[in-house]
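Colleague: I have a structure I would like to understand better, so I am pasting it below and will then ask my questions one at a time.
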Amino acid sequence: MVADIIINTTAKRLQQTFSYIVPDGMAVHVGSRVQVPFGRRQEEGIVVAVSERNAGEYAYELKPISTVLSAQAGFQEEMIETASWISRYYLCNLADALRLFMIEKKGLEVRLYVTVGTKAPASAEDADVAAYVQAKGQVEKAALSRKFGARRVDDLLAAGVLQVEKGWKNKISDKTEKWLSFVRDDAEGLLANRRRQAALLAELKQAGSAPVSAFIGKGYSADVIRRLCGTGLAAISERNVRTRQLLPTLEQSRPLTLTDEQARAVQAVRGDTTGRTYVLHGVTGSGKTEVYMQLAEDVLRQGKQVIVLVPEIALTGQIVRQFVRRFGNDVVVMHSQLSKGERKNNWLRMLRGESHICIGARSAVFTAAQHLGLVIVDEAHDSSYKQEESPRYHAVAVAQKRAAYYCCPVILGSATPSVSDYYAALQGEYTLLELKERIHGRPLPTVTIADMRDELARGNYRVVSDAMVSLLEETLAAGQQAIILLNRRGFATFVMCRKCGYVVKCDTCDVPMVYHKQSDHLQCHYCEASKPIPTVCPACGSKYIKFFGTGTEKVEEQLGELFPSSRVVRLDQDTASRKYSGEQILERFRRHEYDILLGTQMVAKGHDFANVSAVGILSADSLLNLPAYWAGERTFQLLTQAAGRAGRGDAPGRVVMQTYAPEHYVIQCAQKQDYHAFYEQEIEFRRALQYPPFHRIIKIILTDEEEQPLWRRGNDLAASLQSWTRWEHSPVEVIGPFADIIKRIRGKYRLVILIKGKSLDDIKDYMRREPQCWASGVVIDVDPSF
Ligand SMILES: Nc1ncnc2c1ncn2[C@@H]1O[C@H](COP(=O)(O)OP(=O)(O)OP(=O)(O)O)[C@@H](O)[C@H]1O
Ligand SMILES: [Zn+2]
Ligand SMILES: [Zn+2]
């Protein structure tokens with residue numbers, strides 16, 4: 001037998017498959033992780049194909065696989081297929097794509113091993129070390145240095161008393177543990193005078209089998225256990241390590257009686273075996289979670305598994321709690337706070353089918369489920385589903401690929417579906433399901449627009465409009481809570497000299513630095529570098545340094561002045577990482593320890609606080625003015641999501657939206673929370689300008705510390721792509737290179753080349769072969785979220 005393997009490395013030149021002989025009796029299958037000789041080294045490989053071919057059929061001599069590193073690797077054919085698709089579609093290495101599925105990315109590590117050398121030790125102490133090594137045969141150099149001191153070991157190596165050799169350590173060997181099992185009763189009276197062994201056998205009979213460690217823990221000695229096994233009444237075997245349930249037990253919830261709309265949605269998806277994608281468009285508070293859970297329940301009954309994806313910041317939110325309450329031990333939650341062991345534990349539970357629902361942020365799409373029956377993507381429009389480092393995959397696209405293999409449905413739930421998803425649904429490519437009503441017929445909040453130009457004309461220079469002040473006054477007086485959204489953290493968003501116009505920028509990024517009052521420093525929001533505030537202008541020496549713009553810190557201060565008796569809490573990247581975690585802040589707000597929750601978009605998404613009746617949006621157009629085709633879509637989503645936090649309990653919700661562009665269709669549609677009206681306008685704009693979903697985009701980013709060579713590289717690459725399109729008469733457009741919106745980040749200049757077209761498959765094939773695309777300092781982003 002011959003196995004084709006991919007070397008598990010990021011080295012770009014090793015991306016093809018290599019063939020190896022499978023030695024007789026070695027259990028190797030597709031997905032096994034193996035150790036193979038490679039040149040003069042050993043490397044880790046992943047088996048991607050096994051065939052009955054003979055080594056003799058090859059034109060060159062094949063080497064045999066050295067060992068199997070892990071048989072539990074959990075790779076299935078489907079995963080290899082999905083990974084190859086990822087590497088083709090997103091133009092990344094196959095090994096990188098395969099690694100997405102791995103819980104332990106690197107299986108083989110180079111270690112240094114020490115053995116005794118040819119020279120005799122010179123002192124008694126040296127002889128001790130040599131004897132120690134001799135007794136063990138070989139010792140890892142790091143371990144020996146810990147025991148005897150690095151200096152000693154190095155000296156002995158230099159003297160030839162010891163010698164060192166490179167070796168390879170398996171990091172992913174399948175961990176096993178010893179189990180004790182009951183075999184038969186003591187009918188012959190073998191244990192007549194052996195009380196401890198008899199007691200152990202009695203206990204073992206009850207349990208059937210249990211880890212040896214459990215009995216040691218109960219006070220049975222290793223000797224007693226060994227003797228009992230010697231009688232043949234019990235036996236020891238090696239088993240794979242057990243997994244644990246890591247979740248707290250919460251009070252169990254029962255399925256609710258569905259509303260007609262919910263029931264229709266469930267009915268439409270139930271029993272789908274075509275691998276279709278459904279867009280579940282449900283207004284905020286319409287009960288999408290209950291639809292997800294009842295569909296999941298069906299799938300569990302068939303013994304299949306479910307992936308539930310949630311945006312990164314919703315991981316601690318209630319959707320996760322609701323699933324845990326409904327399905328208990330059948331759920332594993334993958335979040336970033338888990339230790340490596342805990343991640344492995346949860347991964348194994350899904351692999352072995354001990355749990356059936358895997359909830360997590362985007363990377364949970366790579367769970368080792370074996371029998372996928374459903375994929376749910378909550379808030380499917382959220383930008384966190386796109387990975388912003390290589391491999392730059394979109395979790396929804398990956399979910400669809402996996403679901404297609406298992407012929408199971410994918411549900412994209414959202415109150416504001418992405419324009420592309422909604423378009424696909426209207427085209428019949430996906431199926432559209434709508435929940436138009438809030439649960440219990442609760443009304444959507446009423447939204448008032450505050451035109452900030454009028455405020456200024458009236459002499460209100462505060463960040464907060466009069467309309468918002470009244471709304472907050474009434475809300476607080478009624479004992480209710482409010483959420484206020486401002487998409488910028490810090491105090492002042494830039495610092496400028498009033499005399500010459502100099503703006504303080506980050507030394508290594510081409511962006512203004514933001515003033516943070518609490519730390520009394522300027523901070524760069526791209527690289528987190530900080531600087532003291534200049535007392536005189538670095539450019540002209542004047543003293544007229546002024547702070548401009550508004551961040552969350554400043555609003556916190558103004559709210560404190562306006563409502564001195566109210567309790568305000570701020571949630572943004574600064575506070576979420578300090579004092580309490582973001583989760584704690586939200587939990588305390590839920591318990592009404594605060595009246596006003598103020599923050600960046602972290603406050604806008606997914607929360608279900610019954611006592612929140614007011615929402616204030618301070619700068620509805622902050623995203624709208626970005627020079628990007630998605631600016632309108634992101635703004636509409638954020639505004640609708642934020643507004644949707646109001647009035648989820650008994651009190652009706654009210655929202656004030658502050659803007660300088662009240663006539664803009666995005667603001668108008670967000671005011672009415674009219675997704676359809678927004679979609680109609682947005683899709684026409686996309687069609688007219690040939691943006692997604694009509695055209696696809698690949699963004700190539702080139703970076704370099706020096707500007708001149710960067711432009712040269714950019715021009716060369718663009719020319720190469722352009723000559724391909726001319727040669728092929730391809731309608732694909734190559735635009736650029738041009739300087740990125742932010743010219744420089746972390747000391748590196750940035751150029752962008754855009755590729756636009758209806759189908760980009762052919763140009764991708766070309767890019768795969770074009771070495772300039774694979775040079776260092778080149779990033780390829782397919783379907784960029786910008
Ligand atoms: N059939 C039902 N009967 C009674 N209550 C329900 C029903 N379905 C959902 N609910 C309740 O309605 C509330 C809103 O539901 P949920 O949070 O799922 O809304 P959503 O559609 O996800 O909203 P958002 O998009 O704003 O997150 C929840 O408190 C939920 O328990
Ligand atoms: Zn100046
Ligand atoms: Zn910076």
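By order of appearance in the structure tokens: chains A, B, ..., then residues from 1 within every chain, and ligands from 1 in the order shown.
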Can you tell me, as a ChimeraX atom specification, what residues are no more than 6 Å from Arg438 of chain A when counting only C-alpha atoms, ignoring any on the same chain fewer than 3 positions away?
Modeller: /A:285-286,441-442
Colleague: Skip segment 760-775 of chain A itself and residues of its chain fewer than 4 positions away, then list as a PyMOL selection string all residues within 12 Å of it, counting only C-alpha atoms.
Modeller: chain A and resi 11-13+15+87-93+695-704+712-734+753-756+779-783
Colleague: With C-alpha atoms retained, could you export that selection as a PDB file, in the first residue's frame?
Modeller:
ATOM      1  CA  ALA A  11       6.858  26.236   4.102  1.00  0.00           C
ATOM      2  CA  LYS A  12       5.307  27.147   0.793  1.00  0.00           C
ATOM      3  CA  ARG A  13       7.582  24.972  -1.317  1.00  0.00           C
ATOM      4  CA  GLN A  15       2.755  22.017  -0.655  1.00  0.00           C
ATOM      5  CA  SER A  87      -6.985  26.034  -0.036  1.00  0.00           C
ATOM      6  CA  ARG A  88      -8.285  26.345  -3.599  1.00  0.00           C
ATOM      7  CA  TYR A  89     -10.919  28.956  -2.921  1.00  0.00           C
ATOM      8  CA  TYR A  90      -8.968  31.162  -0.519  1.00  0.00           C
ATOM      9  CA  LEU A  91      -5.600  30.570  -2.189  1.00  0.00           C
ATOM     10  CA  CYS A  92      -3.828  29.272   0.887  1.00  0.00           C
ATOM     11  CA  ASN A  93      -1.602  26.274   1.593  1.00  0.00           C
ATOM     12  CA  HIS A 695     -19.230  40.772  -8.597  1.00  0.00           C
ATOM     13  CA  ARG A 696     -16.716  38.952  -6.470  1.00  0.00           C
ATOM     14  CA  ILE A 697     -13.604  40.628  -5.152  1.00  0.00           C
ATOM     15  CA  ILE A 698     -10.083  39.528  -4.319  1.00  0.00           C
ATOM     16  CA  LYS A 699      -7.965  42.008  -2.422  1.00  0.00           C
ATOM     17  CA  ILE A 700      -4.200  41.705  -2.607  1.00  0.00           C
ATOM     18  CA  ILE A 701      -2.322  43.611   0.065  1.00  0.00           C
ATOM     19  CA  LEU A 702       1.398  44.231  -0.337  1.00  0.00           C
ATOM     20  CA  THR A 703       3.454  45.514   2.558  1.00  0.00           C
ATOM     21  CA  ASP A 704       7.004  46.752   2.921  1.00  0.00           C
ATOM     22  CA  ARG A 712       7.755  48.562  -7.804  1.00  0.00           C
ATOM     23  CA  ARG A 713       6.488  45.196  -6.557  1.00  0.00           C
ATOM     24  CA  GLY A 714       2.890  46.389  -6.687  1.00  0.00           C
ATOM     25  CA  ASN A 715       3.228  47.602 -10.266  1.00  0.00           C
ATOM     26  CA  ASP A 716       4.925  44.377 -11.353  1.00  0.00           C
ATOM     27  CA  LEU A 717       2.219  42.190  -9.843  1.00  0.00           C
ATOM     28  CA  ALA A 718      -0.596  44.291 -11.268  1.00  0.00           C
ATOM     29  CA  ALA A 719       1.076  44.181 -14.680  1.00  0.00           C
ATOM     30  CA  SER A 720       1.347  40.414 -14.495  1.00  0.00           C
ATOM     31  CA  LEU A 721      -2.333  40.045 -13.612  1.00  0.00           C
ATOM     32  CA  GLN A 722      -3.318  42.500 -16.295  1.00  0.00           C
ATOM     33  CA  SER A 723      -1.362  40.759 -18.994  1.00  0.00           C
ATOM     34  CA  TRP A 724      -3.132  37.543 -18.019  1.00  0.00           C
ATOM     35  CA  THR A 725      -6.588  39.137 -18.383  1.00  0.00           C
ATOM     36  CA  ARG A 726      -5.641  40.575 -21.786  1.00  0.00           C
ATOM     37  CA  TRP A 727      -4.237  37.270 -22.993  1.00  0.00           C
ATOM     38  CA  GLU A 728      -7.286  35.335 -21.824  1.00  0.00           C
ATOM     39  CA  HIS A 729      -9.749  38.039 -22.940  1.00  0.00           C
ATOM     40  CA  SER A 730     -11.039  37.792 -19.392  1.00  0.00           C
ATOM     41  CA  PRO A 731     -13.706  40.265 -18.284  1.00  0.00           C
ATOM     42  CA  VAL A 732     -12.052  40.311 -14.851  1.00  0.00           C
ATOM     43  CA  GLU A 733     -10.897  43.765 -13.785  1.00  0.00           C
ATOM     44  CA  VAL A 734      -7.558  44.448 -12.114  1.00  0.00           C
ATOM     45  CA  ILE A 753      -4.611  45.615  -5.776  1.00  0.00           C
ATOM     46  CA  LEU A 754      -8.265  44.724  -6.308  1.00  0.00           C
ATOM     47  CA  ILE A 755      -9.551  42.034  -8.631  1.00  0.00           C
ATOM     48  CA  LYS A 756     -13.210  42.195  -9.531  1.00  0.00           C
ATOM     49  CA  VAL A 779      -1.553  38.829   1.475  1.00  0.00           C
ATOM     50  CA  ILE A 780      -4.390  37.495  -0.631  1.00  0.00           C
ATOM     51  CA  ASP A 781      -7.855  38.089   0.727  1.00  0.00           C
ATOM     52  CA  VAL A 782     -10.685  36.414  -1.179  1.00  0.00           C
ATOM     53  CA  ASP A 783     -14.148  37.901  -0.514  1.00  0.00           C
TER      54      ASP A 783
END
Colleague: Pick the closest to Thr257 of chain A from A:Leu338, A:His381, A:Phe75, A:Ile439: which is it, counting only C-alpha atoms?
Modeller: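 Among A:Leu338, A:His381, A:Phe75, A:Ile439, it is A:Ile439 that comes nearest to Thr257 of chain A.
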Colleague: Write out, as JSON lines, each residue of chain A that has an atom at most 6 Å from ligand 2, together with the closest pair of atoms and their distance in Å to one decimal, counting only C-alpha atoms and all ligand atoms, rows going by chain and rising number.
Modeller:
{"residue": "A:Cys497", "atom": "CA", "partner": "ligand 2", "partner_atom_place_in_ligand_line": "1 (Zn)", "distance": 4.6}
{"residue": "A:Lys499", "atom": "CA", "partner": "ligand 2", "partner_atom_place_in_ligand_line": "1 (Zn)", "distance": 5.1}
{"residue": "A:Cys500", "atom": "CA", "partner": "ligand 2", "partner_atom_place_in_ligand_line": "1 (Zn)", "distance": 4.1}
{"residue": "A:Gly501", "atom": "CA", "partner": "ligand 2", "partner_atom_place_in_ligand_line": "1 (Zn)", "distance": 6.0}
{"residue": "A:Tyr502", "atom": "CA", "partner": "ligand 2", "partner_atom_place_in_ligand_line": "1 (Zn)", "distance": 5.3}
{"residue": "A:Cys537", "atom": "CA", "partner": "ligand 2", "partner_atom_place_in_ligand_line": "1 (Zn)", "distance": 4.6}
{"residue": "A:Ala539", "atom": "CA", "partner": "ligand 2", "partner_atom_place_in_ligand_line": "1 (Zn)", "distance": 5.0}
{"residue": "A:Cys540", "atom": "CA", "partner": "ligand 2", "partner_atom_place_in_ligand_line": "1 (Zn)", "distance": 4.1}
{"residue": "A:Gly541", "atom": "CA", "partner": "ligand 2", "partner_atom_place_in_ligand_line": "1 (Zn)", "distance": 5.9}
{"residue": "A:Ser542", "atom": "CA", "partner": "ligand 2", "partner_atom_place_in_ligand_line": "1 (Zn)", "distance": 5.4}
Colleague: Generate the output file for the selected residues, N, CA and C atoms, as a PDB file, in the first residue's frame.
Modeller:
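Okay, this is what ended up in selection.pdb:
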ATOM      1  N   CYS A 497      -2.984  70.800  16.694  1.00  0.00           N
ATOM      2  CA  CYS A 497      -2.502  72.155  16.999  1.00  0.00           C
ATOM      3  C   CYS A 497      -3.426  73.141  16.298  1.00  0.00           C
ATOM      4  N   LYS A 499      -2.919  76.186  15.827  1.00  0.00           N
ATOM      5  CA  LYS A 499      -2.214  77.226  15.089  1.00  0.00           C
ATOM      6  C   LYS A 499      -1.818  76.723  13.683  1.00  0.00           C
ATOM      7  N   CYS A 500      -1.237  75.523  13.634  1.00  0.00           N
ATOM      8  CA  CYS A 500      -0.735  75.077  12.327  1.00  0.00           C
ATOM      9  C   CYS A 500      -1.467  73.849  11.785  1.00  0.00           C
ATOM     10  N   GLY A 501      -2.357  73.274  12.582  1.00  0.00           N
ATOM     11  CA  GLY A 501      -3.135  72.149  12.078  1.00  0.00           C
ATOM     12  C   GLY A 501      -2.450  70.805  12.208  1.00  0.00           C
ATOM     13  N   TYR A 502      -1.296  70.767  12.863  1.00  0.00           N
ATOM     14  CA  TYR A 502      -0.576  69.494  13.055  1.00  0.00           C
ATOM     15  C   TYR A 502      -1.433  68.525  13.882  1.00  0.00           C
ATOM     16  N   CYS A 537       3.323  72.244  20.391  1.00  0.00           N
ATOM     17  CA  CYS A 537       3.195  71.583  19.103  1.00  0.00           C
ATOM     18  C   CYS A 537       4.567  71.152  18.585  1.00  0.00           C
ATOM     19  N   ALA A 539       5.383  70.593  15.702  1.00  0.00           N
ATOM     20  CA  ALA A 539       5.666  71.164  14.391  1.00  0.00           C
ATOM     21  C   ALA A 539       6.005  72.646  14.483  1.00  0.00           C
ATOM     22  N   CYS A 540       5.215  73.427  15.205  1.00  0.00           N
ATOM     23  CA  CYS A 540       5.416  74.878  15.187  1.00  0.00           C
ATOM     24  C   CYS A 540       5.738  75.452  16.558  1.00  0.00           C
ATOM     25  N   GLY A 541       5.718  74.636  17.598  1.00  0.00           N
ATOM     26  CA  GLY A 541       6.111  75.114  18.914  1.00  0.00           C
ATOM     27  C   GLY A 541       5.028  75.892  19.656  1.00  0.00           C
ATOM     28  N   SER A 542       3.832  76.038  19.055  1.00  0.00           N
ATOM     29  CA  SER A 542       2.779  76.791  19.743  1.00  0.00           C
ATOM     30  C   SER A 542       2.232  75.979  20.915  1.00  0.00           C
TER      31      SER A 542
END
Colleague: Could you tell me, as a list in words, which residues of segment 112-142 of chain A DSSP assigns to alpha helix (DSSP H) when given the backbone?
Modeller: Ala124, Glu125, Asp126, Ala127, Asp128, Val129, Ala130, Ala131, Tyr132, Val133, Gln134, Ala135, Lys136, Lys141 and Ala142 of chain A
Colleague: My list of candidates is A:Leu204, A:Leu374, A:Cys229, A:Leu309. Which is closest to Thr273 of chain A when distances are computed with only C-alpha atoms?
Modeller: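 Once distances to Thr273 of chain A are computed over only C-alpha atoms, the minimum belongs to A:Leu374.
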Colleague: So that each row is one residue of chain A with an atom at most 7 Å from ligand 3, can you give its shortest atom pair and the distance in Å to one decimal, using only C-alpha atoms and all ligand atoms, rows by chain and rising number, as CSV?
Modeller:
residue,atom,partner,partner_atom_place_in_ligand_line,distance
A:Cys506,CA,ligand 3,1 (Zn),4.8
A:Asp507,CA,ligand 3,1 (Zn),6.5
A:Thr508,CA,ligand 3,1 (Zn),5.2
A:Cys509,CA,ligand 3,1 (Zn),4.2
A:Cys524,CA,ligand 3,1 (Zn),4.6
A:His525,CA,ligand 3,1 (Zn),6.5
A:Tyr526,CA,ligand 3,1 (Zn),4.9
A:Cys527,CA,ligand 3,1 (Zn),4.0
A:Glu528,CA,ligand 3,1 (Zn),6.0
A:Ala529,CA,ligand 3,1 (Zn),5.5
A:Ile745,CA,ligand 3,1 (Zn),6.3
A:Arg746,CA,ligand 3,1 (Zn),5.6
Colleague: What does the file look like for those residues with N, CA and C atoms, as a compact mmCIF listing (two decimals), in the first residue's frame?
Modeller:
# COMPACT_ATOMS: atom_id res chain seq x y z
N CYS A 506 0.46 58.27 15.13
CA CYS A 506 1.30 57.20 15.62
C CYS A 506 2.61 57.18 14.83
N ASP A 507 3.72 56.81 15.51
CA ASP A 507 5.02 56.80 14.84
C ASP A 507 5.10 55.74 13.74
N THR A 508 4.37 54.66 13.92
CA THR A 508 4.52 53.57 12.96
C THR A 508 3.26 53.31 12.14
N CYS A 509 2.15 53.98 12.48
CA CYS A 509 0.92 53.80 11.69
C CYS A 509 0.48 55.16 11.19
N CYS A 524 -2.56 54.52 20.03
CA CYS A 524 -2.86 54.17 18.65
C CYS A 524 -3.80 52.98 18.66
N HIS A 525 -4.91 53.07 17.94
CA HIS A 525 -5.88 51.97 17.96
C HIS A 525 -5.54 50.88 16.96
N TYR A 526 -4.43 51.06 16.25
CA TYR A 526 -4.01 49.99 15.34
C TYR A 526 -2.91 49.13 15.92
N CYS A 527 -1.96 49.76 16.66
CA CYS A 527 -0.86 48.97 17.20
C CYS A 527 -0.79 49.08 18.71
N GLU A 528 -1.72 49.86 19.33
CA GLU A 528 -1.78 50.01 20.78
C GLU A 528 -0.55 50.70 21.36
N ALA A 529 0.28 51.32 20.52
CA ALA A 529 1.40 52.10 21.05
C ALA A 529 0.85 53.30 21.80
N ILE A 745 0.84 50.75 8.58
CA ILE A 745 0.48 50.17 9.88
C ILE A 745 1.71 49.46 10.43
N ARG A 746 1.98 49.71 11.71
CA ARG A 746 3.14 49.10 12.38
C ARG A 746 4.41 49.23 11.55
Colleague: At a cut-off of 8 Å, using only C-alpha atoms, what residues contact segment 154-167 of chain A? Leave out same-chain residues fewer than 2 positions from it and give the result as JSON, numbers by chain.
Modeller: {"A": [110, 111, 112, 113, 114, 115, 116, 117, 118, 119, 120, 121, 126, 130, 141, 150, 151, 152, 169]}
Colleague: Would you mind exporting the chosen residues as a short mmCIF file (atom, residue, chain, number, x, y, z; two decimals), in the first residue's frame, restricted to N, CA and C atoms?
Modeller:
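Wrote again_14.cif, looks like this:
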data_model
loop_
_atom_site.label_atom_id
_atom_site.label_comp_id
_atom_site.auth_asym_id
_atom_site.auth_seq_id
_atom_site.Cartn_x
_atom_site.Cartn_y
_atom_site.Cartn_z
N VAL A 110 11.15 18.85 17.12
CA VAL A 110 12.56 18.47 17.18
C VAL A 110 13.03 18.66 18.62
N ARG A 111 13.69 17.64 19.16
CA ARG A 111 14.27 17.75 20.50
C ARG A 111 15.71 17.29 20.43
N LEU A 112 16.50 17.69 21.39
CA LEU A 112 17.88 17.24 21.46
C LEU A 112 17.97 16.14 22.51
N TYR A 113 18.57 15.01 22.12
CA TYR A 113 18.71 13.89 23.04
C TYR A 113 20.18 13.64 23.32
N VAL A 114 20.51 13.39 24.59
CA VAL A 114 21.89 13.20 25.01
C VAL A 114 22.14 11.72 25.28
N THR A 115 23.27 11.21 24.79
CA THR A 115 23.71 9.84 25.11
C THR A 115 25.16 9.93 25.59
N VAL A 116 25.73 8.81 26.10
CA VAL A 116 27.12 8.89 26.57
C VAL A 116 28.07 8.94 25.37
N GLY A 117 29.16 9.66 25.58
CA GLY A 117 30.12 9.86 24.51
C GLY A 117 31.27 8.86 24.58
N THR A 118 32.35 9.19 23.90
CA THR A 118 33.48 8.26 23.81
C THR A 118 34.53 8.52 24.89
N LYS A 119 34.57 9.76 25.42
CA LYS A 119 35.60 10.10 26.40
C LYS A 119 35.17 9.72 27.82
N ALA A 120 36.18 9.45 28.68
CA ALA A 120 35.88 9.09 30.06
C ALA A 120 35.69 10.35 30.90
N PRO A 121 34.81 10.30 31.88
CA PRO A 121 34.62 11.47 32.75
C PRO A 121 35.88 11.77 33.56
N ASP A 126 31.37 14.34 37.35
CA ASP A 126 31.09 14.10 35.94
C ASP A 126 30.67 12.65 35.71
N ALA A 130 27.37 11.03 33.79
CA ALA A 130 27.51 10.03 32.73
C ALA A 130 26.76 8.75 33.11
N LYS A 141 17.88 16.74 26.33
CA LYS A 141 18.90 17.67 26.81
C LYS A 141 18.30 18.68 27.79
N ALA A 150 22.76 23.60 33.09
CA ALA A 150 23.04 23.69 31.65
C ALA A 150 24.54 23.77 31.38
N ARG A 151 25.24 24.50 32.24
CA ARG A 151 26.69 24.68 32.09
C ARG A 151 27.42 23.34 32.10
N ARG A 152 27.14 22.52 33.14
CA ARG A 152 27.77 21.20 33.28
C ARG A 152 27.55 20.36 32.03
N LYS A 169 10.03 14.28 18.81
CA LYS A 169 9.11 13.91 19.87
C LYS A 169 7.68 14.02 19.36
#
